[in-house]
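Q: File input.csv below, CSV, C-alpha atoms:
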chain,number,residue,atom,x,y,z
T,1,MET,CA,4.3,33.0,-6.8
T,2,GLU,CA,4.9,35.6,-9.5
T,3,ALA,CA,6.6,32.9,-11.7
T,4,HIS,CA,3.5,30.7,-11.2
T,5,GLU,CA,1.2,33.5,-12.3
T,6,ASN,CA,3.3,34.2,-15.4
T,7,HIS,CA,3.3,30.5,-16.3
T,8,LEU,CA,-0.5,30.4,-15.8
T,9,ARG,CA,-0.9,33.5,-18.1
T,10,LEU,CA,1.2,31.8,-20.7
T,11,ILE,CA,-0.9,28.6,-20.6
T,12,LEU,CA,-4.2,30.5,-20.8
T,13,GLN,CA,-2.9,32.6,-23.6
T,14,THR,CA,-1.8,29.5,-25.5
T,15,LEU,CA,-5.2,27.9,-25.1
T,16,GLN,CA,-6.9,31.1,-26.3
T,17,ASP,CA,-4.5,31.3,-29.4
T,18,ARG,CA,-5.4,27.8,-30.3
T,19,LYS,CA,-9.1,28.4,-29.8
T,20,LEU,CA,-9.2,25.9,-26.9
T,21,TYR,CA,-11.4,26.6,-23.9
T,22,ALA,CA,-11.6,25.5,-20.3
T,23,LYS,CA,-14.6,25.6,-18.1
T,24,LEU,CA,-13.9,28.0,-15.2
T,25,LYS,CA,-16.0,25.9,-12.7
T,26,LYS,CA,-13.7,22.9,-13.4
T,27,CYS,CA,-10.5,24.9,-12.8
T,28,GLU,CA,-8.8,25.6,-9.5
T,29,PHE,CA,-5.8,27.9,-9.1
T,30,SER,CA,-3.2,28.6,-6.4
T,31,LEU,CA,-3.7,25.3,-4.6
T,32,HIS,CA,-1.1,24.1,-2.1
T,33,GLU,CA,-2.1,20.4,-2.6
T,34,VAL,CA,-3.9,18.4,-5.3
T,35,VAL,CA,-5.4,15.0,-5.1
T,36,PHE,CA,-5.0,13.3,-8.5
T,37,LEU,CA,-5.5,9.6,-9.5
T,38,GLY,CA,-5.0,8.3,-5.9
T,39,HIS,CA,-1.9,10.5,-5.2
T,40,VAL,CA,-1.5,13.7,-3.2
T,41,ILE,CA,0.8,16.2,-5.0
T,42,ASN,CA,2.2,19.1,-3.0
T,43,THR,CA,5.5,21.0,-2.5
T,44,GLU,CA,7.0,18.1,-0.6
T,45,GLY,CA,6.4,15.7,-3.6
T,46,VAL,CA,4.0,12.9,-4.4
T,47,SER,CA,2.5,10.6,-1.7
T,48,ILE,CA,-0.4,8.2,-1.5
T,49,ASP,CA,-3.9,9.6,-0.9
T,50,PRO,CA,-4.8,8.8,2.7
T,51,HIS,CA,-8.2,7.4,1.6
T,52,LYS,CA,-6.4,4.8,-0.5
T,53,ILE,CA,-4.2,3.8,2.4
T,54,GLU,CA,-7.4,3.4,4.4
T,55,ALA,CA,-8.9,1.2,1.7
T,56,ILE,CA,-5.8,-1.0,1.7
T,57,VAL,CA,-5.6,-1.3,5.5
T,58,ASN,CA,-9.4,-2.1,5.8
T,59,TRP,CA,-9.4,-4.5,2.9
T,60,PRO,CA,-11.1,-7.7,4.0
T,61,THR,CA,-8.8,-10.7,4.4
T,62,PRO,CA,-8.7,-12.5,1.0
T,63,THR,CA,-10.2,-15.9,1.1
T,64,ASN,CA,-9.5,-17.1,-2.4
T,65,VAL,CA,-7.1,-16.6,-5.3
T,66,THR,CA,-9.3,-14.0,-7.1
T,67,LYS,CA,-9.5,-11.9,-3.9
T,68,VAL,CA,-5.7,-12.1,-3.4
T,69,ARG,CA,-5.2,-10.9,-7.0
T,70,SER,CA,-7.6,-8.0,-6.4
T,71,PHE,CA,-5.7,-6.9,-3.3
T,72,LEU,CA,-2.3,-7.3,-5.0
T,73,GLY,CA,-3.6,-5.1,-7.9
T,74,LEU,CA,-4.6,-2.3,-5.6
T,75,ALA,CA,-1.5,-2.5,-3.3
T,76,GLY,CA,0.8,-3.0,-6.3
T,77,TYR,CA,-0.3,0.3,-7.8
T,78,TYR,CA,1.6,2.0,-4.8
T,79,ARG,CA,4.6,-0.3,-4.9
T,80,ARG,CA,7.0,2.6,-5.4
T,81,PHE,CA,6.0,4.0,-2.0
T,82,VAL,CA,6.7,0.8,-0.1
T,83,LYS,CA,10.3,-0.3,0.5
T,84,ASP,CA,11.0,-3.9,-0.5
T,85,PHE,CA,7.4,-4.3,-1.7
T,86,SER,CA,8.1,-7.3,-3.9
T,87,LYS,CA,9.7,-9.1,-1.0
T,88,LEU,CA,6.8,-8.3,1.3
T,89,VAL,CA,4.2,-9.8,-1.0
T,90,VAL,CA,6.0,-13.0,-1.9
T,91,PRO,CA,3.7,-15.1,0.3
T,92,LEU,CA,0.6,-13.5,-1.3
T,93,THR,CA,2.0,-13.8,-4.8
T,94,GLN,CA,2.7,-17.5,-4.2
T,95,LEU,CA,-0.9,-18.0,-3.3
T,96,THR,CA,-1.9,-16.9,-6.9
T,97,GLN,CA,0.0,-19.8,-8.5
T,98,LYS,CA,-1.8,-22.9,-9.6
T,99,GLY,CA,-1.6,-25.9,-7.2
T,100,ILE,CA,-0.5,-23.9,-4.2
T,101,PRO,CA,-2.8,-24.5,-1.2
T,102,PHE,CA,-4.4,-21.4,0.2
T,103,GLU,CA,-3.4,-20.8,3.8
T,104,CYS,CA,-3.9,-17.4,5.3
T,105,ASP,CA,-2.4,-17.8,8.8
T,106,ALA,CA,1.0,-19.6,8.6
T,107,SER,CA,4.0,-18.5,6.6
T,108,TYR,CA,6.9,-20.6,5.5
T,109,LYS,CA,9.1,-17.5,5.4
T,110,GLY,CA,9.2,-16.4,9.1
T,111,LEU,CA,7.5,-15.8,12.4
T,112,GLY,CA,5.8,-12.6,13.3
T,113,CYS,CA,3.7,-11.4,16.2
T,114,ILE,CA,2.1,-8.3,17.7
T,115,LEU,CA,1.7,-7.5,21.4
T,116,MET,CA,-1.5,-5.4,21.9
T,117,GLN,CA,-3.4,-4.0,24.8
T,118,ASN,CA,-6.9,-2.6,24.6
T,119,GLY,CA,-6.7,-2.5,20.9
T,120,TRP,CA,-3.4,-0.6,20.8
T,121,VAL,CA,-0.2,-2.0,19.4
T,122,ILE,CA,2.5,-2.1,22.1
T,123,THR,CA,5.3,-3.8,20.1
T,124,TYR,CA,6.1,-6.1,17.2
T,125,ALA,CA,8.5,-9.1,16.9
T,126,SER,CA,9.6,-11.2,14.0
T,127,GLY,CA,12.2,-13.8,13.2
T,128,GLN,CA,13.2,-16.2,10.4
T,129,LEU,CA,12.3,-19.9,10.4
T,130,LYS,CA,15.0,-22.3,11.3
T,131,PRO,CA,15.6,-24.9,8.5
T,132,HIS,CA,13.9,-27.7,10.4
T,133,GLU,CA,10.9,-25.4,11.1
T,134,ARG,CA,10.2,-25.1,7.4
T,135,ASN,CA,9.1,-28.8,7.5
T,136,TYR,CA,6.4,-28.1,10.2
T,137,PRO,CA,2.8,-28.5,9.3
T,138,THR,CA,0.6,-25.4,9.6
T,139,HIS,CA,-0.7,-26.0,13.1
T,140,ASP,CA,2.8,-26.6,14.4
T,141,LEU,CA,4.0,-23.3,12.9
T,142,GLU,CA,1.1,-21.5,14.6
T,143,LEU,CA,2.1,-23.0,17.9
T,144,ALA,CA,5.8,-22.1,17.2
T,145,ILE,CA,4.8,-18.4,17.0
T,146,VAL,CA,3.0,-18.6,20.3
T,147,VAL,CA,6.1,-20.1,21.9
T,148,PHE,CA,8.3,-17.5,20.1
T,149,ALA,CA,6.2,-14.7,21.5
T,150,LEU,CA,6.1,-16.1,25.0
T,151,LYS,CA,9.9,-16.4,25.1
T,152,ILE,CA,10.3,-12.7,24.1
T,153,TRP,CA,7.6,-11.2,26.3
What would the structure in this file look like if it were written as structure tokens?
A:
Amino acid sequence: MEAHENHLRLILQTLQDRKLYAKLKKCEFSLHEVVFLGHVINTEGVSIDPHKIEAIVNWPTPTNVTKVRSFLGLAGYYRRFVKDFSKLVVPLTQLTQKGIPFECDASYKGLGCILMQNGWVITYASGQLKPHERNYPTHDLELAIVVFALKIW
């Protein structure tokens, strides 16, 4: 704490020497945590502001290319905090390409499902598509995930 106070004195003295001023009401000292540009900075490091996580989680399902790009822009800002971010967003990124049909339910990468009860997640399951399943139309893929889930649970 003493080192911090000495550092603060040095900064304030440097500002005064250079005839630069700071408004006291805009200054905060000895904080344990600072929220800055969508990040929380504390002694443990830098993390995402929980309000931003909430905004990402509650983002409405994109229904067109422009809305997908908006979502990817917000989520992409925090890519360094998400392991394998670029792999996770491949299906969304593909939707931004010209001539790609917009489908929001089926994926040609894999199958995934969630078992819930009374609004609470119980467990997750996922698996890769078999080569022949990649040729399935959308409605068959959606049925395939139902069968996949029923076999597991």
Q: Name the residues in contact with Pro50 in chain T at a cut-off of 12 Å, using only C-alpha atoms, excluding same-chain residues fewer than 3 positions from it; report them as a ChimeraX atom specification.
A: /T:35,38-40,47,53-57,78
Q: Between T:Met1, T:Leu10, T:Val147, T:Ile100, which one has atoms that come closest to Leu31 in chain T, using all atoms listed in the file?
A: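 Among T:Met1, T:Leu10, T:Val147, T:Ile100, it is T:Met1 that comes nearest to Leu31 in chain T.
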Q: If we count all atoms listed in the file, what is near Ser30 in chain T at a cut-off of 10 Å, once residues fewer than 3 positions away on the same chain are taken out, given as a list in words?
A: Met1, His4, Glu5, Leu8 and Glu33 of chain T
Q: Can you work out the spacing between CA of Cys27 in chain T and CA of Asn6 in chain T in Å, to one decimal?
A: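 Calculated distance between CA of Cys27 in chain T and CA of Asn6 in chain T is 16.8 Å.
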Q: Give me the residues within 9 Å of Asn64 in chain T as a ChimeraX atom specification, counting all atoms listed in the file and dropping any in the same chain fewer than 3 places off.
A: /T:67-69,95-96,102
Q: Between CA of Ile114 in chain T and CA of Gln97 in chain T, what is the distance, to one decimal in Å?
A: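 So the answer is 28.7 Å.
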